[in-house]
Amino acid sequence: MTQVNNPLHGLTLETIVTELAAHYGWVELGERIPVRCFTHEPSIKSSLKFLRKTPWAREKVEGLYLFMQREARRNNAATKTAT
């Protein structure tokens, strides 16, 4: 199966969680996806352990990551047209 159009292809779950935590912070991440690994003593390690075992939560994390990427592209495009 080809992954040409999959924007997550080549990204590890650790990369996704790390970028989300850096962008939103743990508090907002826990508000956007209310799972215990983001709201109670969050860490990359505990989040990865939970997300690898919980497909529905992983899907939400991947969806939020794609949303974050779309927003970043929109903001860059808006900045370029405003200049």
# chains A, B, ... in the order shown; residues from 1 in each chain; ligands from 1
>>> residues_around(residues="A:Glu14", least_positions_apart="4", cutoff="9 Å", atoms="only C-alpha atoms", output="short mmCIF file (atom, residue, chain, number, x, y, z; two decimals) with N, CA and C atoms, in the first residue's frame")
data_model
loop_
_atom_site.label_atom_id
_atom_site.label_comp_id
_atom_site.auth_asym_id
_atom_site.auth_seq_id
_atom_site.Cartn_x
_atom_site.Cartn_y
_atom_site.Cartn_z
N THR A 18 5.29 15.24 20.69
CA THR A 18 6.26 16.27 21.08
C THR A 18 5.89 17.62 20.45
N GLU A 19 5.55 17.61 19.17
CA GLU A 19 5.19 18.87 18.50
C GLU A 19 3.89 19.44 19.04
N ILE A 44 5.90 12.78 27.74
CA ILE A 44 5.92 12.14 26.43
C ILE A 44 5.85 10.62 26.60
N LYS A 45 6.63 10.10 27.53
CA LYS A 45 6.70 8.65 27.74
C LYS A 45 5.34 8.06 28.12
N SER A 47 2.40 9.37 27.65
CA SER A 47 1.46 9.58 26.56
C SER A 47 1.64 8.53 25.48
N LEU A 48 2.90 8.26 25.12
CA LEU A 48 3.17 7.25 24.08
C LEU A 48 2.67 5.87 24.51
#
>>> residues_around(residues="stretch 25-32 of chain A", least_positions_apart="3", cutoff="10 Å", atoms="only C-alpha atoms", output="PyMOL selection string")
chain A and resi 17-22+35-43+60-61+64
>>> write_last_selection(atoms="N, CA and C atoms", output="PDB file, in the first residue's frame")
ATOM      1  N   VAL A  17       3.414  13.800  19.197  1.00  0.00           N
ATOM      2  CA  VAL A  17       3.086  14.216  20.566  1.00  0.00           C
ATOM      3  C   VAL A  17       4.020  15.336  21.018  1.00  0.00           C
ATOM      4  N   THR A  18       5.291  15.244  20.694  1.00  0.00           N
ATOM      5  CA  THR A  18       6.257  16.269  21.077  1.00  0.00           C
ATOM      6  C   THR A  18       5.895  17.617  20.455  1.00  0.00           C
ATOM      7  N   GLU A  19       5.549  17.614  19.172  1.00  0.00           N
ATOM      8  CA  GLU A  19       5.195  18.868  18.497  1.00  0.00           C
ATOM      9  C   GLU A  19       3.888  19.440  19.040  1.00  0.00           C
ATOM     10  N   LEU A  20       2.916  18.580  19.322  1.00  0.00           N
ATOM     11  CA  LEU A  20       1.659  19.061  19.888  1.00  0.00           C
ATOM     12  C   LEU A  20       1.876  19.675  21.264  1.00  0.00           C
ATOM     13  N   ALA A  21       2.670  19.007  22.107  1.00  0.00           N
ATOM     14  CA  ALA A  21       2.939  19.523  23.449  1.00  0.00           C
ATOM     15  C   ALA A  21       3.695  20.847  23.379  1.00  0.00           C
ATOM     16  N   ALA A  22       4.614  20.972  22.428  1.00  0.00           N
ATOM     17  CA  ALA A  22       5.363  22.215  22.277  1.00  0.00           C
ATOM     18  C   ALA A  22       4.458  23.335  21.775  1.00  0.00           C
ATOM     19  N   VAL A  35      -7.745  13.279  27.931  1.00  0.00           N
ATOM     20  CA  VAL A  35      -7.338  11.944  28.371  1.00  0.00           C
ATOM     21  C   VAL A  35      -6.325  12.122  29.502  1.00  0.00           C
ATOM     22  N   ARG A  36      -6.329  11.183  30.399  1.00  0.00           N
ATOM     23  CA  ARG A  36      -5.524  11.281  31.612  1.00  0.00           C
ATOM     24  C   ARG A  36      -4.031  11.493  31.351  1.00  0.00           C
ATOM     25  N   CYS A  37      -3.516  10.898  30.281  1.00  0.00           N
ATOM     26  CA  CYS A  37      -2.076  11.024  30.027  1.00  0.00           C
ATOM     27  C   CYS A  37      -1.684  12.461  29.682  1.00  0.00           C
ATOM     28  N   PHE A  38      -2.663  13.315  29.343  1.00  0.00           N
ATOM     29  CA  PHE A  38      -2.381  14.724  29.071  1.00  0.00           C
ATOM     30  C   PHE A  38      -2.759  15.628  30.246  1.00  0.00           C
ATOM     31  N   THR A  39      -3.594  15.138  31.157  1.00  0.00           N
ATOM     32  CA  THR A  39      -4.100  15.997  32.228  1.00  0.00           C
ATOM     33  C   THR A  39      -3.494  15.722  33.601  1.00  0.00           C
ATOM     34  N   HIS A  40      -2.979  14.546  33.840  1.00  0.00           N
ATOM     35  CA  HIS A  40      -2.423  14.188  35.152  1.00  0.00           C
ATOM     36  C   HIS A  40      -0.965  13.762  34.999  1.00  0.00           C
ATOM     37  N   GLU A  41      -0.071  14.616  35.451  1.00  0.00           N
ATOM     38  CA  GLU A  41       1.371  14.368  35.361  1.00  0.00           C
ATOM     39  C   GLU A  41       1.781  13.952  33.949  1.00  0.00           C
ATOM     40  N   PRO A  42       1.508  14.804  32.961  1.00  0.00           N
ATOM     41  CA  PRO A  42       1.789  14.433  31.574  1.00  0.00           C
ATOM     42  C   PRO A  42       3.278  14.341  31.268  1.00  0.00           C
ATOM     43  N   SER A  43       3.599  13.419  30.398  1.00  0.00           N
ATOM     44  CA  SER A  43       4.959  13.292  29.884  1.00  0.00           C
ATOM     45  C   SER A  43       4.867  12.620  28.515  1.00  0.00           C
ATOM     46  N   LYS A  60      -7.447  10.709  17.604  1.00  0.00           N
ATOM     47  CA  LYS A  60      -7.706  12.097  17.991  1.00  0.00           C
ATOM     48  C   LYS A  60      -6.414  12.921  17.978  1.00  0.00           C
ATOM     49  N   VAL A  61      -5.330  12.342  18.465  1.00  0.00           N
ATOM     50  CA  VAL A  61      -4.038  13.022  18.484  1.00  0.00           C
ATOM     51  C   VAL A  61      -3.568  13.286  17.050  1.00  0.00           C
ATOM     52  N   LEU A  64      -5.662  16.092  15.578  1.00  0.00           N
ATOM     53  CA  LEU A  64      -5.265  17.405  16.087  1.00  0.00           C
ATOM     54  C   LEU A  64      -3.951  17.842  15.464  1.00  0.00           C
TER      55      LEU A  64
END
>>> atom_distance(atom1="atom CA of A:Lys49", atom2="atom CA of A:His23")
20.7 Å
>>> atom_distance(atom1="atom CA of A:Leu51", atom2="atom CA of A:Arg73")
26.2 Å
>>> atom_distance(atom1="atom CA of A:Tyr24", atom2="atom CA of A:Met68")
9.3 Å
>>> select_by_dssp(residues="chain A", states="alpha helix (DSSP H)", output="PDB file with N, CA and C atoms, in the first residue's frame")
ATOM      1  N   LEU A  13       4.974   8.602  16.278  1.00  0.00           N
ATOM      2  CA  LEU A  13       4.016   9.078  17.270  1.00  0.00           C
ATOM      3  C   LEU A  13       4.712  10.011  18.257  1.00  0.00           C
ATOM      4  N   GLU A  14       5.951   9.699  18.580  1.00  0.00           N
ATOM      5  CA  GLU A  14       6.718  10.546  19.502  1.00  0.00           C
ATOM      6  C   GLU A  14       6.891  11.954  18.926  1.00  0.00           C
ATOM      7  N   THR A  15       7.180  12.058  17.651  1.00  0.00           N
ATOM      8  CA  THR A  15       7.323  13.367  16.999  1.00  0.00           C
ATOM      9  C   THR A  15       6.016  14.140  17.065  1.00  0.00           C
ATOM     10  N   ILE A  16       4.909  13.466  16.774  1.00  0.00           N
ATOM     11  CA  ILE A  16       3.598  14.111  16.780  1.00  0.00           C
ATOM     12  C   ILE A  16       3.270  14.639  18.174  1.00  0.00           C
ATOM     13  N   VAL A  17       3.414  13.800  19.197  1.00  0.00           N
ATOM     14  CA  VAL A  17       3.086  14.216  20.566  1.00  0.00           C
ATOM     15  C   VAL A  17       4.020  15.336  21.018  1.00  0.00           C
ATOM     16  N   THR A  18       5.291  15.244  20.694  1.00  0.00           N
ATOM     17  CA  THR A  18       6.257  16.269  21.077  1.00  0.00           C
ATOM     18  C   THR A  18       5.895  17.617  20.455  1.00  0.00           C
ATOM     19  N   GLU A  19       5.549  17.614  19.172  1.00  0.00           N
ATOM     20  CA  GLU A  19       5.195  18.868  18.497  1.00  0.00           C
ATOM     21  C   GLU A  19       3.888  19.440  19.040  1.00  0.00           C
ATOM     22  N   LEU A  20       2.916  18.580  19.322  1.00  0.00           N
ATOM     23  CA  LEU A  20       1.659  19.061  19.888  1.00  0.00           C
ATOM     24  C   LEU A  20       1.876  19.675  21.264  1.00  0.00           C
ATOM     25  N   ALA A  21       2.670  19.007  22.107  1.00  0.00           N
ATOM     26  CA  ALA A  21       2.939  19.523  23.449  1.00  0.00           C
ATOM     27  C   ALA A  21       3.695  20.847  23.379  1.00  0.00           C
ATOM     28  N   ALA A  22       4.614  20.972  22.428  1.00  0.00           N
ATOM     29  CA  ALA A  22       5.363  22.215  22.277  1.00  0.00           C
ATOM     30  C   ALA A  22       4.458  23.335  21.775  1.00  0.00           C
ATOM     31  N   HIS A  23       3.552  23.016  20.875  1.00  0.00           N
ATOM     32  CA  HIS A  23       2.686  24.031  20.273  1.00  0.00           C
ATOM     33  C   HIS A  23       1.575  24.477  21.229  1.00  0.00           C
ATOM     34  N   TYR A  24       0.860  23.513  21.808  1.00  0.00           N
ATOM     35  CA  TYR A  24      -0.294  23.827  22.647  1.00  0.00           C
ATOM     36  C   TYR A  24       0.030  23.899  24.137  1.00  0.00           C
ATOM     37  N   GLY A  25       1.040  23.169  24.570  1.00  0.00           N
ATOM     38  CA  GLY A  25       1.292  23.011  25.999  1.00  0.00           C
ATOM     39  C   GLY A  25       0.409  21.886  26.523  1.00  0.00           C
ATOM     40  N   TRP A  26       0.797  21.290  27.636  1.00  0.00           N
ATOM     41  CA  TRP A  26       0.059  20.143  28.166  1.00  0.00           C
ATOM     42  C   TRP A  26      -1.350  20.518  28.601  1.00  0.00           C
ATOM     43  N   VAL A  27      -1.518  21.718  29.180  1.00  0.00           N
ATOM     44  CA  VAL A  27      -2.837  22.111  29.682  1.00  0.00           C
ATOM     45  C   VAL A  27      -3.842  22.194  28.533  1.00  0.00           C
ATOM     46  N   GLU A  28      -3.486  22.931  27.480  1.00  0.00           N
ATOM     47  CA  GLU A  28      -4.413  23.052  26.352  1.00  0.00           C
ATOM     48  C   GLU A  28      -4.580  21.719  25.628  1.00  0.00           C
ATOM     49  N   LEU A  29      -3.527  20.957  25.533  1.00  0.00           N
ATOM     50  CA  LEU A  29      -3.628  19.639  24.905  1.00  0.00           C
ATOM     51  C   LEU A  29      -4.630  18.778  25.673  1.00  0.00           C
ATOM     52  N   GLY A  30      -4.571  18.834  27.006  1.00  0.00           N
ATOM     53  CA  GLY A  30      -5.517  18.097  27.845  1.00  0.00           C
ATOM     54  C   GLY A  30      -6.936  18.606  27.720  1.00  0.00           C
ATOM     55  N   GLU A  31      -7.104  19.898  27.412  1.00  0.00           N
ATOM     56  CA  GLU A  31      -8.442  20.442  27.199  1.00  0.00           C
ATOM     57  C   GLU A  31      -8.987  20.010  25.839  1.00  0.00           C
ATOM     58  N   ARG A  32      -8.127  19.991  24.841  1.00  0.00           N
ATOM     59  CA  ARG A  32      -8.559  19.616  23.487  1.00  0.00           C
ATOM     60  C   ARG A  32      -8.818  18.117  23.372  1.00  0.00           C
ATOM     61  N   ARG A  36      -6.329  11.183  30.399  1.00  0.00           N
ATOM     62  CA  ARG A  36      -5.524  11.281  31.612  1.00  0.00           C
ATOM     63  C   ARG A  36      -4.031  11.493  31.351  1.00  0.00           C
ATOM     64  N   CYS A  37      -3.516  10.898  30.281  1.00  0.00           N
ATOM     65  CA  CYS A  37      -2.076  11.024  30.027  1.00  0.00           C
ATOM     66  C   CYS A  37      -1.684  12.461  29.682  1.00  0.00           C
ATOM     67  N   PHE A  38      -2.663  13.315  29.343  1.00  0.00           N
ATOM     68  CA  PHE A  38      -2.381  14.724  29.071  1.00  0.00           C
ATOM     69  C   PHE A  38      -2.759  15.628  30.246  1.00  0.00           C
ATOM     70  N   THR A  39      -3.594  15.138  31.157  1.00  0.00           N
ATOM     71  CA  THR A  39      -4.100  15.997  32.228  1.00  0.00           C
ATOM     72  C   THR A  39      -3.494  15.722  33.601  1.00  0.00           C
ATOM     73  N   ILE A  44       5.897  12.780  27.737  1.00  0.00           N
ATOM     74  CA  ILE A  44       5.922  12.138  26.426  1.00  0.00           C
ATOM     75  C   ILE A  44       5.849  10.621  26.600  1.00  0.00           C
ATOM     76  N   LYS A  45       6.635  10.099  27.532  1.00  0.00           N
ATOM     77  CA  LYS A  45       6.702   8.648  27.735  1.00  0.00           C
ATOM     78  C   LYS A  45       5.344   8.061  28.120  1.00  0.00           C
ATOM     79  N   SER A  46       4.651   8.678  29.088  1.00  0.00           N
ATOM     80  CA  SER A  46       3.357   8.135  29.513  1.00  0.00           C
ATOM     81  C   SER A  46       2.316   8.279  28.403  1.00  0.00           C
ATOM     82  N   SER A  47       2.397   9.373  27.655  1.00  0.00           N
ATOM     83  CA  SER A  47       1.459   9.582  26.556  1.00  0.00           C
ATOM     84  C   SER A  47       1.645   8.528  25.475  1.00  0.00           C
ATOM     85  N   LEU A  48       2.899   8.256  25.116  1.00  0.00           N
ATOM     86  CA  LEU A  48       3.169   7.248  24.084  1.00  0.00           C
ATOM     87  C   LEU A  48       2.669   5.875  24.513  1.00  0.00           C
ATOM     88  N   LYS A  49       2.894   5.536  25.772  1.00  0.00           N
ATOM     89  CA  LYS A  49       2.466   4.234  26.281  1.00  0.00           C
ATOM     90  C   LYS A  49       0.950   4.087  26.151  1.00  0.00           C
ATOM     91  N   PHE A  50       0.211   5.136  26.535  1.00  0.00           N
ATOM     92  CA  PHE A  50      -1.249   5.107  26.455  1.00  0.00           C
ATOM     93  C   PHE A  50      -1.729   5.099  25.003  1.00  0.00           C
ATOM     94  N   LEU A  51      -1.181   5.981  24.193  1.00  0.00           N
ATOM     95  CA  LEU A  51      -1.657   6.128  22.814  1.00  0.00           C
ATOM     96  C   LEU A  51      -1.380   4.895  21.968  1.00  0.00           C
ATOM     97  N   ARG A  52      -0.311   4.198  22.242  1.00  0.00           N
ATOM     98  CA  ARG A  52      -0.004   2.978  21.477  1.00  0.00           C
ATOM     99  C   ARG A  52      -1.009   1.867  21.765  1.00  0.00           C
ATOM    100  N   LYS A  53      -1.637   1.921  22.948  1.00  0.00           N
ATOM    101  CA  LYS A  53      -2.598   0.896  23.321  1.00  0.00           C
ATOM    102  C   LYS A  53      -4.048   1.307  23.065  1.00  0.00           C
ATOM    103  N   PRO A  55      -6.344   2.976  20.286  1.00  0.00           N
ATOM    104  CA  PRO A  55      -6.493   3.476  18.919  1.00  0.00           C
ATOM    105  C   PRO A  55      -7.366   4.728  18.787  1.00  0.00           C
ATOM    106  N   TRP A  56      -8.471   4.814  19.538  1.00  0.00           N
ATOM    107  CA  TRP A  56      -9.346   5.981  19.397  1.00  0.00           C
ATOM    108  C   TRP A  56      -8.647   7.252  19.844  1.00  0.00           C
ATOM    109  N   ALA A  57      -7.834   7.169  20.890  1.00  0.00           N
ATOM    110  CA  ALA A  57      -7.112   8.349  21.376  1.00  0.00           C
ATOM    111  C   ALA A  57      -6.005   8.725  20.396  1.00  0.00           C
ATOM    112  N   ARG A  58      -5.354   7.733  19.847  1.00  0.00           N
ATOM    113  CA  ARG A  58      -4.307   8.005  18.855  1.00  0.00           C
ATOM    114  C   ARG A  58      -4.895   8.720  17.643  1.00  0.00           C
ATOM    115  N   GLU A  59      -6.080   8.292  17.204  1.00  0.00           N
ATOM    116  CA  GLU A  59      -6.741   8.952  16.079  1.00  0.00           C
ATOM    117  C   GLU A  59      -7.021  10.417  16.388  1.00  0.00           C
ATOM    118  N   LYS A  60      -7.447  10.709  17.604  1.00  0.00           N
ATOM    119  CA  LYS A  60      -7.706  12.097  17.991  1.00  0.00           C
ATOM    120  C   LYS A  60      -6.414  12.921  17.978  1.00  0.00           C
ATOM    121  N   VAL A  61      -5.330  12.342  18.465  1.00  0.00           N
ATOM    122  CA  VAL A  61      -4.038  13.022  18.484  1.00  0.00           C
ATOM    123  C   VAL A  61      -3.568  13.286  17.050  1.00  0.00           C
ATOM    124  N   GLU A  62      -3.682  12.292  16.192  1.00  0.00           N
ATOM    125  CA  GLU A  62      -3.277  12.470  14.800  1.00  0.00           C
ATOM    126  C   GLU A  62      -4.144  13.522  14.110  1.00  0.00           C
ATOM    127  N   GLY A  63      -5.434  13.534  14.416  1.00  0.00           N
ATOM    128  CA  GLY A  63      -6.333  14.529  13.847  1.00  0.00           C
ATOM    129  C   GLY A  63      -5.982  15.935  14.296  1.00  0.00           C
ATOM    130  N   LEU A  64      -5.662  16.092  15.578  1.00  0.00           N
ATOM    131  CA  LEU A  64      -5.265  17.405  16.087  1.00  0.00           C
ATOM    132  C   LEU A  64      -3.951  17.842  15.464  1.00  0.00           C
ATOM    133  N   TYR A  65      -3.043  16.922  15.246  1.00  0.00           N
ATOM    134  CA  TYR A  65      -1.769  17.255  14.610  1.00  0.00           C
ATOM    135  C   TYR A  65      -2.000  17.767  13.186  1.00  0.00           C
ATOM    136  N   LEU A  66      -2.874  17.085  12.440  1.00  0.00           N
ATOM    137  CA  LEU A  66      -3.177  17.518  11.078  1.00  0.00           C
ATOM    138  C   LEU A  66      -3.847  18.893  11.090  1.00  0.00           C
ATOM    139  N   PHE A  67      -4.731  19.128  12.055  1.00  0.00           N
ATOM    140  CA  PHE A  67      -5.371  20.441  12.200  1.00  0.00           C
ATOM    141  C   PHE A  67      -4.318  21.515  12.470  1.00  0.00           C
ATOM    142  N   MET A  68      -3.382  21.218  13.370  1.00  0.00           N
ATOM    143  CA  MET A  68      -2.313  22.165  13.692  1.00  0.00           C
ATOM    144  C   MET A  68      -1.490  22.489  12.442  1.00  0.00           C
ATOM    145  N   GLN A  69      -1.196  21.485  11.638  1.00  0.00           N
ATOM    146  CA  GLN A  69      -0.428  21.695  10.413  1.00  0.00           C
ATOM    147  C   GLN A  69      -1.203  22.560   9.417  1.00  0.00           C
ATOM    148  N   ARG A  70      -2.512  22.303   9.263  1.00  0.00           N
ATOM    149  CA  ARG A  70      -3.337  23.116   8.358  1.00  0.00           C
ATOM    150  C   ARG A  70      -3.380  24.567   8.810  1.00  0.00           C
ATOM    151  N   GLU A  71      -3.546  24.774  10.112  1.00  0.00           N
ATOM    152  CA  GLU A  71      -3.576  26.137  10.652  1.00  0.00           C
ATOM    153  C   GLU A  71      -2.247  26.853  10.408  1.00  0.00           C
ATOM    154  N   ALA A  72      -1.159  26.148  10.568  1.00  0.00           N
ATOM    155  CA  ALA A  72       0.167  26.751  10.344  1.00  0.00           C
ATOM    156  C   ALA A  72       0.316  27.155   8.876  1.00  0.00           C
ATOM    157  N   ARG A  73      -0.153  26.287   7.964  1.00  0.00           N
ATOM    158  CA  ARG A  73      -0.085  26.631   6.533  1.00  0.00           C
ATOM    159  C   ARG A  73      -0.959  27.839   6.221  1.00  0.00           C
ATOM    160  N   ARG A  74      -2.163  27.885   6.807  1.00  0.00           N
ATOM    161  CA  ARG A  74      -3.056  29.030   6.589  1.00  0.00           C
ATOM    162  C   ARG A  74      -2.424  30.316   7.102  1.00  0.00           C
ATOM    163  N   ASN A  75      -1.840  30.250   8.278  1.00  0.00           N
ATOM    164  CA  ASN A  75      -1.217  31.440   8.861  1.00  0.00           C
ATOM    165  C   ASN A  75      -0.039  31.907   8.012  1.00  0.00           C
ATOM    166  N   ASN A  76       0.739  30.979   7.504  1.00  0.00           N
ATOM    167  CA  ASN A  76       1.869  31.339   6.630  1.00  0.00           C
ATOM    168  C   ASN A  76       1.368  31.960   5.346  1.00  0.00           C
ATOM    169  N   ALA A  77       0.314  31.414   4.779  1.00  0.00           N
ATOM    170  CA  ALA A  77      -0.248  31.956   3.535  1.00  0.00           C
ATOM    171  C   ALA A  77      -0.815  33.352   3.772  1.00  0.00           C
ATOM    172  N   ALA A  78      -1.476  33.550   4.907  1.00  0.00           N
ATOM    173  CA  ALA A  78      -2.040  34.863   5.233  1.00  0.00           C
ATOM    174  C   ALA A  78      -0.939  35.886   5.453  1.00  0.00           C
ATOM    175  N   THR A  79       0.138  35.476   6.067  1.00  0.00           N
ATOM    176  CA  THR A  79       1.263  36.369   6.317  1.00  0.00           C
ATOM    177  C   THR A  79       1.908  36.782   4.994  1.00  0.00           C
ATOM    178  N   LYS A  80       2.044  35.849   4.073  1.00  0.00           N
ATOM    179  CA  LYS A  80       2.649  36.143   2.784  1.00  0.00           C
ATOM    180  C   LYS A  80       1.801  37.093   1.953  1.00  0.00           C
ATOM    181  N   THR A  81       0.475  36.926   1.991  1.00  0.00           N
ATOM    182  CA  THR A  81      -0.389  37.805   1.205  1.00  0.00           C
ATOM    183  C   THR A  81      -0.524  39.185   1.829  1.00  0.00           C
ATOM    184  N   ALA A  82      -0.321  39.294   3.131  1.00  0.00           N
ATOM    185  CA  ALA A  82      -0.421  40.571   3.824  1.00  0.00           C
ATOM    186  C   ALA A  82       0.836  41.416   3.610  1.00  0.00           C
TER     187      ALA A  82
END
